[in-house]
>>> print(open('entry.txt').read())   # compact mmCIF, C-alpha atoms
# COMPACT_ATOMS: atom_id res chain seq x y z
CA MET A 1 17.97 -19.30 36.43
CA LEU A 2 19.66 -22.26 38.21
CA ARG A 3 16.88 -22.64 40.81
CA GLN A 4 14.27 -22.75 38.04
CA THR A 5 16.26 -25.50 36.29
CA GLN A 6 16.55 -27.54 39.47
CA ARG A 7 12.79 -27.33 40.04
CA CYS A 8 12.22 -28.43 36.42
CA CYS A 9 14.47 -31.48 36.93
CA ARG A 10 12.73 -32.48 40.18
CA MET A 11 9.31 -32.19 38.53
CA ASN A 12 10.49 -34.71 35.92
CA GLY A 13 11.05 -37.27 38.70
CA SER A 14 14.87 -37.16 39.06
CA ASP A 15 17.68 -34.79 39.98
CA ARG A 16 20.25 -35.02 37.19
CA ARG A 17 22.08 -31.88 38.13
CA GLY A 18 24.45 -33.80 40.34
CA THR A 19 25.14 -36.27 37.55
CA ALA A 20 25.78 -33.54 34.98
CA MET A 21 28.02 -31.52 37.28
CA GLY A 22 29.76 -34.60 38.61
CA GLU A 23 31.08 -35.60 35.19
CA LEU A 24 32.34 -32.10 34.36
CA LYS A 25 36.04 -31.58 34.97
CA PRO A 26 36.86 -28.66 37.25
CA VAL A 27 37.85 -25.29 35.82
CA ASP A 28 41.65 -25.00 35.56
CA ASP A 29 43.16 -22.62 38.09
CA ASP A 30 45.71 -21.27 35.61
CA LEU A 31 43.10 -20.05 33.11
CA PRO A 32 42.96 -16.37 32.22
CA PRO A 33 40.23 -14.69 34.27
CA ALA A 34 38.11 -13.93 31.19
CA ALA A 35 38.23 -17.57 30.03
CA ALA A 36 37.37 -18.79 33.53
CA VAL A 37 34.36 -16.45 33.76
CA LEU A 38 33.04 -17.68 30.35
CA ALA A 39 33.57 -21.33 31.36
CA GLN A 40 31.62 -20.84 34.59
CA ALA A 41 28.77 -19.11 32.75
CA LEU A 42 28.59 -22.01 30.25
CA ARG A 43 28.62 -24.59 33.08
CA ASP A 44 25.76 -22.76 34.79
CA LEU A 45 23.82 -22.86 31.53
CA PHE A 46 24.61 -26.51 30.88
CA THR A 47 23.15 -27.60 34.22
CA GLY A 48 19.80 -26.32 32.94
CA LEU A 49 19.71 -29.13 30.36
CA CYS A 50 19.69 -31.91 33.03
CA VAL A 51 21.68 -34.21 30.68
CA SER A 52 25.22 -35.53 30.53
CA THR A 53 27.92 -34.09 28.27
CA ARG A 54 27.90 -37.31 26.26
CA ARG A 55 24.15 -37.13 25.69
CA TYR A 56 24.28 -33.45 24.75
CA ALA A 57 27.19 -34.12 22.39
CA ALA A 58 25.13 -36.82 20.67
CA ARG A 59 22.15 -34.46 20.48
CA ARG A 60 24.15 -31.74 18.75
CA ALA A 61 26.60 -34.03 16.85
CA TYR A 62 29.56 -32.71 18.88
CA ASP A 63 32.53 -34.69 20.20
CA SER A 64 31.93 -35.34 23.93
CA SER A 65 35.55 -34.59 24.85
CA THR A 66 35.33 -31.30 22.98
CA VAL A 67 32.20 -30.36 24.93
CA SER A 68 34.05 -31.18 28.17
CA ARG A 69 36.97 -28.95 27.19
CA TYR A 70 34.57 -26.10 26.35
CA LEU A 71 32.87 -26.39 29.74
CA SER A 72 36.12 -26.73 31.71
CA GLY A 73 37.65 -23.65 30.13
CA ARG A 74 40.61 -25.41 28.54
CA ARG A 75 39.29 -24.34 25.14
CA VAL A 76 37.25 -21.30 24.11
CA PRO A 77 34.24 -22.58 22.17
CA PRO A 78 33.04 -20.96 18.93
CA TRP A 79 30.17 -18.51 19.29
CA GLU A 80 27.85 -20.94 17.51
CA PHE A 81 28.28 -23.42 20.41
CA VAL A 82 27.42 -20.73 22.98
CA LEU A 83 24.33 -19.63 21.01
CA ASN A 84 23.12 -23.23 20.51
CA LEU A 85 23.54 -24.00 24.21
CA LEU A 86 21.62 -20.86 25.17
CA HIS A 87 18.68 -21.76 22.87
CA ASP A 88 18.67 -25.42 24.00
CA VAL A 89 18.36 -24.32 27.64
CA GLY A 90 15.55 -21.93 26.65
CA GLU A 91 13.73 -24.78 24.86
CA THR A 92 14.04 -26.97 27.96
CA ARG A 93 12.52 -24.22 30.09
CA GLY A 94 9.87 -23.31 27.53
CA SER A 95 11.17 -19.77 27.17
CA VAL A 96 13.15 -17.62 24.72
CA PRO A 97 16.56 -16.13 25.65
CA THR A 98 16.40 -12.41 26.24
CA ALA A 99 18.47 -9.89 24.32
CA GLU A 100 20.26 -8.93 27.56
CA THR A 101 21.37 -12.55 28.18
CA ILE A 102 22.65 -12.91 24.61
CA ASP A 103 24.58 -9.62 24.81
CA ARG A 104 26.13 -10.64 28.19
CA LEU A 105 27.37 -13.98 26.80
CA ARG A 106 28.66 -12.29 23.66
CA THR A 107 30.69 -9.89 25.80
CA LEU A 108 32.12 -12.76 27.90
CA HIS A 109 32.95 -14.76 24.74
CA THR A 110 34.73 -11.81 23.13
CA ALA A 111 36.76 -11.15 26.29
CA ALA A 112 37.80 -14.82 26.49
CA LEU A 113 38.97 -14.84 22.86
CA GLU A 114 40.92 -11.62 23.32
CA SER A 115 42.64 -12.94 26.49
CA GLY A 116 43.69 -16.18 24.79
CA GLY A 117 45.81 -14.50 22.13
CA SER A 118 46.22 -17.65 20.00
CA PRO A 119 45.85 -17.62 16.18
CA ALA A 120 42.71 -19.75 16.49
CA HIS A 121 41.17 -17.21 18.86
CA ARG A 122 42.15 -14.44 16.47
CA VAL A 123 40.41 -16.32 13.63
CA GLN A 124 37.22 -16.66 15.73
CA LEU A 125 37.25 -12.95 16.53
CA LEU A 126 37.66 -12.05 12.87
CA GLU A 127 34.88 -14.47 11.89
CA ARG A 128 32.63 -12.87 14.51
CA GLU A 129 33.45 -9.41 13.20
CA LEU A 130 32.92 -10.56 9.59
CA ALA A 131 29.51 -12.02 10.46
CA ALA A 132 28.52 -8.80 12.22
CA ALA A 133 29.76 -6.69 9.30
CA ASP A 134 27.90 -8.96 6.87
CA GLY A 135 24.70 -8.48 8.86
CA GLU A 136 25.15 -4.72 8.80
CA ALA A 137 25.85 -4.83 5.06
CA ARG A 138 22.70 -6.88 4.37
CA HIS A 139 20.61 -4.55 6.55
CA ALA A 140 22.08 -1.51 4.77
CA ALA A 141 21.43 -3.13 1.35
CA THR A 142 17.81 -3.78 2.28
CA ARG A 143 17.43 -0.20 3.49
CA GLU A 144 19.14 1.06 0.35
CA ARG A 145 16.71 -0.81 -1.92
CA TRP A 146 13.76 0.51 0.07
CA LEU A 147 15.07 4.07 -0.15
CA GLU A 148 15.71 3.75 -3.90
CA ASP A 149 12.18 2.38 -4.52
CA THR A 150 10.62 5.06 -2.31
CA LEU A 151 12.63 7.79 -4.01
CA GLN A 152 11.60 6.52 -7.46
CA ASP A 153 7.96 6.41 -6.36
CA ARG A 154 8.09 9.99 -5.12
CA GLU A 155 9.76 11.15 -8.34
CA HIS A 156 7.04 9.44 -10.40
CA ARG A 157 4.37 11.09 -8.27
CA ILE A 158 5.99 14.47 -8.77
CA ARG A 159 6.08 13.94 -12.56
CA ASP A 160 2.41 12.88 -12.52
CA LEU A 161 1.48 15.98 -10.52
CA GLU A 162 3.46 18.21 -12.89
CA MET A 163 1.71 16.64 -15.89
CA ARG A 164 -1.71 17.10 -14.29
CA ASN A 165 -0.86 20.70 -13.45
CA ARG A 166 0.16 21.34 -17.05
CA GLU A 167 -3.08 19.80 -18.31
CA LEU A 168 -5.11 21.81 -15.82
CA GLU A 169 -3.25 24.98 -16.79
CA ALA A 170 -3.93 24.29 -20.48
CA ARG A 171 -7.65 23.77 -19.80
CA LEU A 172 -7.84 26.93 -17.70
CA ARG A 173 -6.07 28.96 -20.38
CA GLU A 174 -8.51 27.57 -22.94
CA GLU A 175 -11.46 28.56 -20.75
CA ILE A 176 -9.95 32.00 -20.19
CA ARG A 177 -9.63 32.47 -23.96
CA ASP A 178 -13.27 31.41 -24.47
CA LEU A 179 -14.44 33.66 -21.64
CA LYS A 180 -12.58 36.63 -23.10
CA GLU A 181 -14.13 36.00 -26.51
CA GLU A 182 -17.58 35.68 -24.94
CA LEU A 183 -17.00 38.85 -22.91
CA VAL A 184 -16.11 40.81 -26.03
CA ARG A 185 -19.24 39.50 -27.77
CA VAL A 186 -21.50 40.33 -24.80
CA GLN A 187 -19.93 43.77 -24.42
CA ALA A 188 -20.70 44.48 -28.07
CA LEU A 189 -24.30 43.30 -27.58
CA HIS A 190 -24.58 45.45 -24.47
CA GLN A 191 -23.37 48.50 -26.35
CA GLN A 192 -25.77 47.80 -29.22
CA ALA A 193 -28.65 47.50 -26.75
CA GLU A 194 -27.68 50.77 -25.06
CA ASP A 195 -27.45 52.54 -28.42
CA ARG A 196 -30.84 51.13 -29.36
CA CYS A 197 -32.37 52.37 -26.09
CA GLU A 198 -31.03 55.88 -26.70
CA GLN A 199 -32.35 55.86 -30.25
CA LEU A 200 -35.82 54.73 -29.13
CA GLU A 201 -35.90 57.37 -26.41
CA ARG A 202 -35.16 60.10 -28.97
CA GLN A 203 -37.82 58.76 -31.34
CA LEU A 204 -40.36 58.57 -28.52
CA ALA A 205 -39.66 62.18 -27.50
CA GLU A 206 -40.05 63.36 -31.14
CA ALA A 207 -43.31 61.45 -31.51
CA GLU A 208 -44.72 62.96 -28.33
CA GLU A 209 -43.83 66.50 -29.52
CA ARG A 210 -45.54 65.95 -32.88
CA ALA A 211 -48.82 64.69 -31.42
CA PRO A 212 -49.84 66.81 -28.39
CA LEU A 213 -53.61 66.20 -28.86
CA PRO A 214 -56.33 67.18 -26.35
CA ALA A 215 -58.36 64.35 -24.89
CA GLY A 216 -61.32 63.31 -27.06
CA PHE A 217 -60.28 65.46 -30.03
CA ARG A 218 -58.85 63.79 -33.13
CA PRO A 219 -59.41 65.74 -36.40
CA GLU A 220 -58.92 63.83 -39.59
CA ALA A 221 -55.86 65.84 -40.55
CA ASP A 222 -54.19 64.99 -37.25
CA VAL A 223 -55.00 61.32 -37.73
CA HIS A 224 -53.19 61.35 -41.09
CA ASN A 225 -50.26 63.15 -39.55
CA ASN A 226 -50.04 60.58 -36.77
CA VAL A 227 -50.20 57.70 -39.26
CA ALA A 228 -47.37 59.29 -41.20
CA ALA A 229 -45.40 59.74 -38.02
CA GLY A 230 -46.00 56.11 -37.10
CA GLN A 231 -44.80 54.95 -40.52
CA GLN A 232 -41.65 56.99 -40.11
CA PHE A 233 -41.09 55.45 -36.67
CA LEU A 234 -41.51 51.89 -37.93
CA SER A 235 -39.26 52.42 -40.92
CA SER A 236 -36.35 53.31 -38.66
CA VAL A 237 -36.34 50.03 -36.64
CA MET A 238 -32.93 48.32 -36.84
CA VAL A 239 -32.44 44.54 -36.91
CA TYR A 240 -29.13 43.07 -35.67
CA THR A 241 -27.66 39.67 -34.81
CA ASP A 242 -24.90 38.44 -32.49
CA SER A 243 -22.50 36.79 -34.99
CA TRP A 244 -24.93 33.91 -35.70
CA GLN A 245 -23.26 32.18 -38.66
CA VAL A 246 -24.81 28.70 -38.74
CA ASP A 247 -26.03 27.50 -42.15
CA GLU A 248 -29.46 25.99 -41.57
CA GLU A 249 -29.41 24.21 -44.94
CA PHE A 250 -26.20 22.45 -43.93
CA VAL A 251 -27.77 21.43 -40.63
CA GLU A 252 -30.78 20.01 -42.45
CA SER A 253 -28.57 18.10 -44.90
CA VAL A 254 -26.78 16.15 -42.15
CA SER A 255 -29.92 15.49 -40.02
CA VAL A 256 -31.54 12.20 -41.05
CA GLN A 257 -34.61 10.19 -40.00
CA LEU A 258 -34.46 6.59 -38.79
CA TYR A 259 -37.26 4.08 -39.37
CA ALA A 260 -37.61 0.41 -38.59
CA MET A 261 -38.09 -1.83 -41.59
CA ASP A 262 -41.78 -2.07 -40.64
CA HIS A 263 -41.97 1.75 -41.02
CA ARG A 264 -42.08 2.53 -37.30
CA TYR A 265 -40.42 5.89 -36.57
CA LEU A 266 -37.23 5.63 -34.46
CA GLY A 267 -36.00 9.21 -34.31
CA ASN A 268 -33.09 11.17 -35.81
CA GLY A 269 -29.40 10.71 -36.48
CA LEU A 270 -26.31 12.49 -37.77
CA LEU A 271 -25.06 11.85 -41.30
CA PHE A 272 -21.37 11.70 -40.32
CA ASP A 273 -20.17 11.05 -43.87
CA ALA A 274 -21.63 9.70 -47.09
CA GLU A 275 -21.81 6.12 -45.71
CA THR A 276 -22.09 6.53 -41.93
CA VAL A 277 -24.88 7.60 -39.55
CA ILE A 278 -24.46 8.12 -35.80
CA THR A 279 -27.43 8.11 -33.45
CA PRO A 280 -27.77 8.01 -29.66
CA GLY A 281 -28.86 4.47 -29.00
CA PRO A 282 -28.98 1.67 -28.71
CA VAL A 283 -31.79 1.12 -31.19
CA PRO A 284 -34.36 -1.12 -29.43
CA GLU A 285 -33.76 -4.77 -30.27
CA ALA A 286 -37.40 -5.31 -31.18
CA LEU A 287 -37.17 -2.77 -34.03
CA TRP A 288 -34.37 -4.45 -35.95
CA THR A 289 -35.25 -6.62 -38.94
CA ARG A 290 -33.81 -10.02 -38.10
CA SER A 291 -32.36 -12.55 -40.48
CA GLU A 292 -29.43 -14.92 -40.23
CA THR A 293 -26.99 -12.30 -41.47
CA GLU A 294 -28.63 -8.84 -41.13
CA ARG A 295 -29.74 -6.33 -38.52
CA THR A 296 -31.03 -3.33 -40.47
CA VAL A 297 -32.99 -0.11 -40.15
CA LYS A 298 -33.97 2.42 -42.82
CA VAL A 299 -32.42 5.87 -43.10
CA HIS A 300 -34.55 8.59 -44.72
CA VAL A 301 -32.90 11.68 -46.10
CA GLY A 302 -34.10 14.01 -48.84
CA GLY A 303 -36.90 11.63 -49.80
CA ARG A 304 -34.53 8.68 -50.17
CA LYS A 305 -34.77 5.51 -48.07
CA VAL A 306 -31.53 3.62 -47.62
CA PRO A 307 -31.17 0.44 -45.49
CA ALA A 308 -28.40 0.54 -42.90
CA THR A 309 -26.71 -2.13 -40.79
CA SER A 310 -25.31 -1.84 -37.29
CA LEU A 311 -21.56 -1.23 -37.36
CA GLU A 312 -20.92 -0.43 -33.66
CA THR A 313 -23.11 -0.24 -30.56
CA ARG A 314 -22.03 1.26 -27.25
CA ALA A 315 -23.96 1.36 -23.97
CA SER A 316 -21.88 4.07 -22.27
CA PRO A 317 -22.07 6.58 -23.80
CA PRO A 318 -25.23 5.35 -25.57
CA LEU A 319 -24.29 5.47 -29.27
CA VAL A 320 -24.94 3.43 -32.40
CA VAL A 321 -22.95 3.66 -35.66
CA LEU A 322 -24.85 2.59 -38.79
CA ARG A 323 -23.26 1.74 -42.15
CA LEU A 324 -25.46 2.73 -45.14
CA GLU A 325 -26.03 0.15 -47.84
CA LYS A 326 -25.63 2.89 -50.47
CA PRO A 327 -23.78 6.19 -50.02
CA LEU A 328 -25.78 9.40 -49.74
CA PRO A 329 -24.84 12.87 -51.06
CA PHE A 330 -22.78 14.66 -48.40
CA PRO A 331 -22.40 18.46 -48.18
CA GLY A 332 -19.35 20.03 -49.81
CA ARG A 333 -17.76 21.09 -46.53
CA PRO A 334 -16.82 18.70 -43.72
CA LEU A 335 -18.24 18.68 -40.23
CA SER A 336 -16.62 20.88 -37.59
CA PHE A 337 -16.90 20.27 -33.86
CA ASP A 338 -17.38 22.47 -30.80
CA ARG A 339 -16.95 20.84 -27.38
CA ARG A 340 -16.54 24.04 -25.36
CA LEU A 341 -20.09 24.88 -24.38
CA MET A 342 -21.03 27.12 -21.47
CA PRO A 343 -24.40 28.09 -20.00
CA GLY A 344 -26.04 30.84 -22.02
CA ARG A 345 -25.07 29.50 -25.47
CA GLN A 346 -27.79 28.86 -28.03
CA LEU A 347 -27.87 25.83 -30.33
CA LEU A 348 -29.76 25.15 -33.56
CA VAL A 349 -31.66 21.94 -34.27
CA SER A 350 -33.17 21.38 -37.70
CA ALA A 351 -34.34 17.78 -37.89
CA TYR A 352 -37.58 15.77 -37.86
CA THR A 353 -40.43 14.93 -35.50
CA THR A 354 -43.25 12.45 -35.91
CA ASN A 355 -45.12 15.20 -37.79
CA GLY A 356 -42.33 16.16 -40.21
CA PRO A 357 -39.46 18.66 -40.47
CA TYR A 358 -38.88 20.85 -37.44
CA SER A 359 -36.32 23.41 -36.29
CA CYS A 360 -35.81 25.18 -32.98
CA LEU A 361 -33.27 26.92 -30.79
CA LEU A 362 -32.01 25.32 -27.58
CA ASP A 363 -30.51 27.18 -24.61
CA VAL A 364 -27.63 25.52 -22.74
CA LYS A 365 -28.35 25.61 -19.00
CA GLY A 366 -25.56 23.51 -17.50
CA ARG A 367 -24.29 19.96 -17.01
CA THR A 368 -25.74 16.88 -15.35
CA GLY A 369 -23.08 14.17 -15.19
CA ASN A 370 -21.78 13.65 -18.73
CA TRP A 371 -24.75 15.38 -20.39
CA LEU A 372 -25.73 18.99 -21.10
CA ARG A 373 -29.06 20.30 -19.88
CA VAL A 374 -30.94 22.28 -22.56
CA THR A 375 -34.31 24.01 -22.77
CA GLY A 376 -36.52 24.87 -25.74
CA GLU A 377 -39.59 23.66 -27.60
CA LEU A 378 -38.92 19.92 -27.86
CA PRO A 379 -41.81 18.02 -29.47
CA ASP A 380 -42.16 14.23 -29.72
CA GLY A 381 -39.83 12.44 -32.09
CA LEU A 382 -36.92 14.90 -31.94
CA ILE A 383 -34.63 12.46 -30.10
CA GLY A 384 -31.29 11.90 -31.86
CA ALA A 385 -31.29 15.27 -33.62
CA PRO A 386 -27.82 16.83 -34.02
CA ALA A 387 -27.40 20.29 -32.48
CA PHE A 388 -25.09 23.01 -33.87
CA SER A 389 -23.53 26.11 -32.34
CA GLY A 390 -23.91 29.63 -33.70
CA ALA A 391 -20.65 29.17 -35.62
CA GLY A 392 -22.04 26.10 -37.41
CA ALA A 393 -20.07 23.46 -35.47
CA LEU A 394 -21.59 20.21 -34.20
CA THR A 395 -22.08 20.34 -30.42
CA GLY A 396 -23.87 17.06 -29.68
CA LEU A 397 -26.91 14.81 -30.16
CA LEU A 398 -30.24 15.21 -28.39
CA LEU A 399 -30.45 12.27 -25.98
CA SER A 400 -33.83 12.71 -24.26
CA CYS A 401 -36.72 15.13 -23.75
CA GLY A 402 -38.70 15.93 -20.62
CA ARG A 403 -42.41 15.19 -20.37
CA ASP A 404 -43.19 18.90 -20.40
CA GLY A 405 -41.65 19.25 -23.88
CA GLN A 406 -39.47 22.10 -22.64
CA ARG A 407 -36.37 20.35 -21.27
CA GLY A 408 -33.90 17.83 -22.61
CA LEU A 409 -30.44 16.29 -22.29
CA LEU A 410 -27.75 16.65 -24.96
CA LEU A 411 -24.97 14.09 -25.45
CA PRO A 412 -21.87 16.31 -25.96
CA VAL A 413 -19.84 15.89 -29.13
CA GLY A 414 -16.83 14.89 -27.00
CA SER A 415 -18.62 11.58 -26.28
CA LEU A 416 -18.01 10.56 -29.91
CA ARG A 417 -14.38 9.93 -28.97
CA ALA A 418 -15.50 6.61 -27.46
CA LEU A 419 -16.34 5.29 -30.96
CA THR A 420 -13.80 3.07 -32.71
CA THR A 421 -15.36 2.71 -36.17
CA VAL A 422 -15.33 6.37 -37.22
CA LYS A 423 -12.35 8.65 -37.81
CA LEU A 424 -12.48 11.77 -35.63
CA PRO A 425 -10.12 14.76 -35.69
CA ASP A 426 -7.29 14.70 -33.15
CA GLU A 427 -8.38 17.94 -31.49
CA LEU A 428 -11.84 16.57 -30.61
>>> encode(input="entry.txt", output="C-alpha cells")
Amino acid sequence: MLRQTQRCCRMNGSDRRGTAMGELKPVDDDLPPAAAVLAQALRDLFTGLCVSTRRYAARRAYDSSTVSRYLSGRRVPPWEFVLNLLHDVGETRGSVPTAETIDRLRTLHTAALESGGSPAHRVQLLERELAAADGEARHAATRERWLEDTLQDREHRIRDLEMRNRELEARLREEIRDLKEELVRVQALHQQAEDRCEQLERQLAEAEERAPLPAGFRPEADVHNNVAAGQQFLSSVMVYTDSWQVDEEFVESVSVQLYAMDHRYLGNGLLFDAETVITPGPVPEALWTRSETERTVKVHVGGRKVPATSLETRASPPLVVLRLEKPLPFPGRPLSFDRRLMPGRQLLVSAYTTNGPYSCLLDVKGRTGNWLRVTGELPDGLIGAPAFSGAGALTGLLLSCGRDGQRGLLLPVGSLRALTTVKLPDEL
C-alpha cells in the first residue's frame, strides 16, 4: 500500500511523503500497545494522501492539532475519522477500500478504545455498539416487512385457490347432476327401444306363421287374410317421446321478425318482454332509418308492425337491444333459461325465413370458442331466431348459418349477461 502511494506521489512531480511524515510528532513510547498499533496504522494510511496535517484538517474541517494528536497516538480518534481517512486514501489511489481492510481497522480501533479505559473511550465504544445495533435493527425491520408482505401475498393466493376450487367443485357437481339426469333419461329410452324391438320381433314371427304361402300362389282369400293381418300389425304401432315438453306456440309468440324501414328483411329476434327485443347484431348501419334524433327498425309480430329504436349495441358478444315504440302482447308465462347444454341435445326453432314462418329441430354438436355448433335444416333468413330446449327454456340465439344450409352457430343464452339494459335472473 505504501509503495503504491509513493509511486503516485512521484508521478505527480514531487515527493511529499517526507514533508507529511516530517511534521508528524513521533508516537509516544508510553502508549498502550493497542493505541500505538492503531496510531501507526493511521500514520501509514495518512502518508497515502501526500498532504500535510494542516491541509488535510482544512479539507475535512478538522482542527490540525487534533489531527496531529490522532496520528501520534495521544488521543484515540472517533471511528468516523478512521473511516473518512480510509475513504480519502482510496479516492487518492482511485480505488475502493476492501471489506478486509475496514474490518482490520475496526478491530484495531476497538482494541485501542478498550485499552484506554477512559469515560470518553467508553462513550465511543457504546456509540459504536449502538450504531451497529441500530443497523441490525433496521436490517431486521426491512426483512420483517418483506416477510409480512410475502406471507400476506401467499395467504391471499391460498384464499384465491380455495375460492377457485370451490367454484370448480360447484360446476363439477352441477355437471354430475345433469349427467345423472341425462343418464336416467337415456336409460329409459334404451329400455323403451329394447321393449319395442322385442314386440316387433314377436309380431314379425306371428305374421310369418299366418302367411306361409308357396311361391307364385296367392288366392284371393289369402290376400284378404294378409290385408287383415297387416291392418292388425299397423294398429299396434306405439308412439312415444322422450320428455319433450316445449310449447311451440310459446316459442312462436316470442320469435319476431325484423325489417328495415324500407322493408328490407333483417332476420329474427327474441321478444324479451312486452317492450324489448334482443337480436344478435349489430344491425348493419346502412339499414337504419336516419334522422337527427332516431335510429329505427320495424318489428313484425302477429301481423303487427311496430317501430323500434336502438337501446344498447354490443360488439362482443354481438347483441342489440331494441326498445319498441308501442308494447306488444307478451305470453302469460315468463321466459326461462337453460345454459347447461351438452352435445346430443335437441333444440326447437320456430321463427321466420325470407319465405315465411318456419320451424325445425337443431342438434347440439359442441362448442367453438364462445358459441355452440348446431346442425339442422337452416334456410336463408333464419339468423337471430331464438332456440329452446326440450323443457321449453331459452338456450340461445342463432348467430350464423353455413353455406350448405346444414350447420350454424348459436350464441348461448349466458351471453345475455353482458347486457346492461335488460333485467336478467340472478341464476343466469
>>> closest_residue(input="entry.txt", among="A:Ala57, A:Leu183, A:Val256, A:Leu411", to="A:Val306", atoms="only C-alpha atoms")
A:Val256
>>> closest_residue(input="entry.txt", among="A:Leu266, A:Leu322, A:Val299, A:Leu189", to="A:Asp380", atoms="only C-alpha atoms")
A:Leu266
>>> atom_distance(input="entry.txt", atom1="atom CA of A:Val27", atom2="atom CA of A:Gly73")
5.9 Å
>>> atom_distance(input="entry.txt", atom1="atom CA of A:Asp363", atom2="atom CA of A:Gly405")
13.7 Å
>>> atom_distance(input="entry.txt", atom1="atom CA of A:Leu49", atom2="atom CA of A:Val89")
5.7 Å
>>> residues_near_point(input="entry.txt", point="(-30.7, 25.0, -36.0)", cutoff="12 Å", atoms="only C-alpha atoms", output="PyMOL selection string")
chain A and resi 244-255+346-352+357-363+376+385-395
>>> residues_around(input="entry.txt", residues="A:Asp273", least_positions_apart="3", cutoff="10 Å", atoms="only C-alpha atoms", output="list in words")
Val254, Leu270, Thr276, Val277, Ile278, Arg323, Leu324, Pro327, Leu328, Pro329, Phe330, Pro331, Pro334, Leu335 and Val422 of chain A
>>> closest_residue(input="entry.txt", among="A:Thr150, A:Thr47, A:Ser115, A:Ser72", to="A:Asp29", atoms="all atoms listed in the file")
A:Ser72
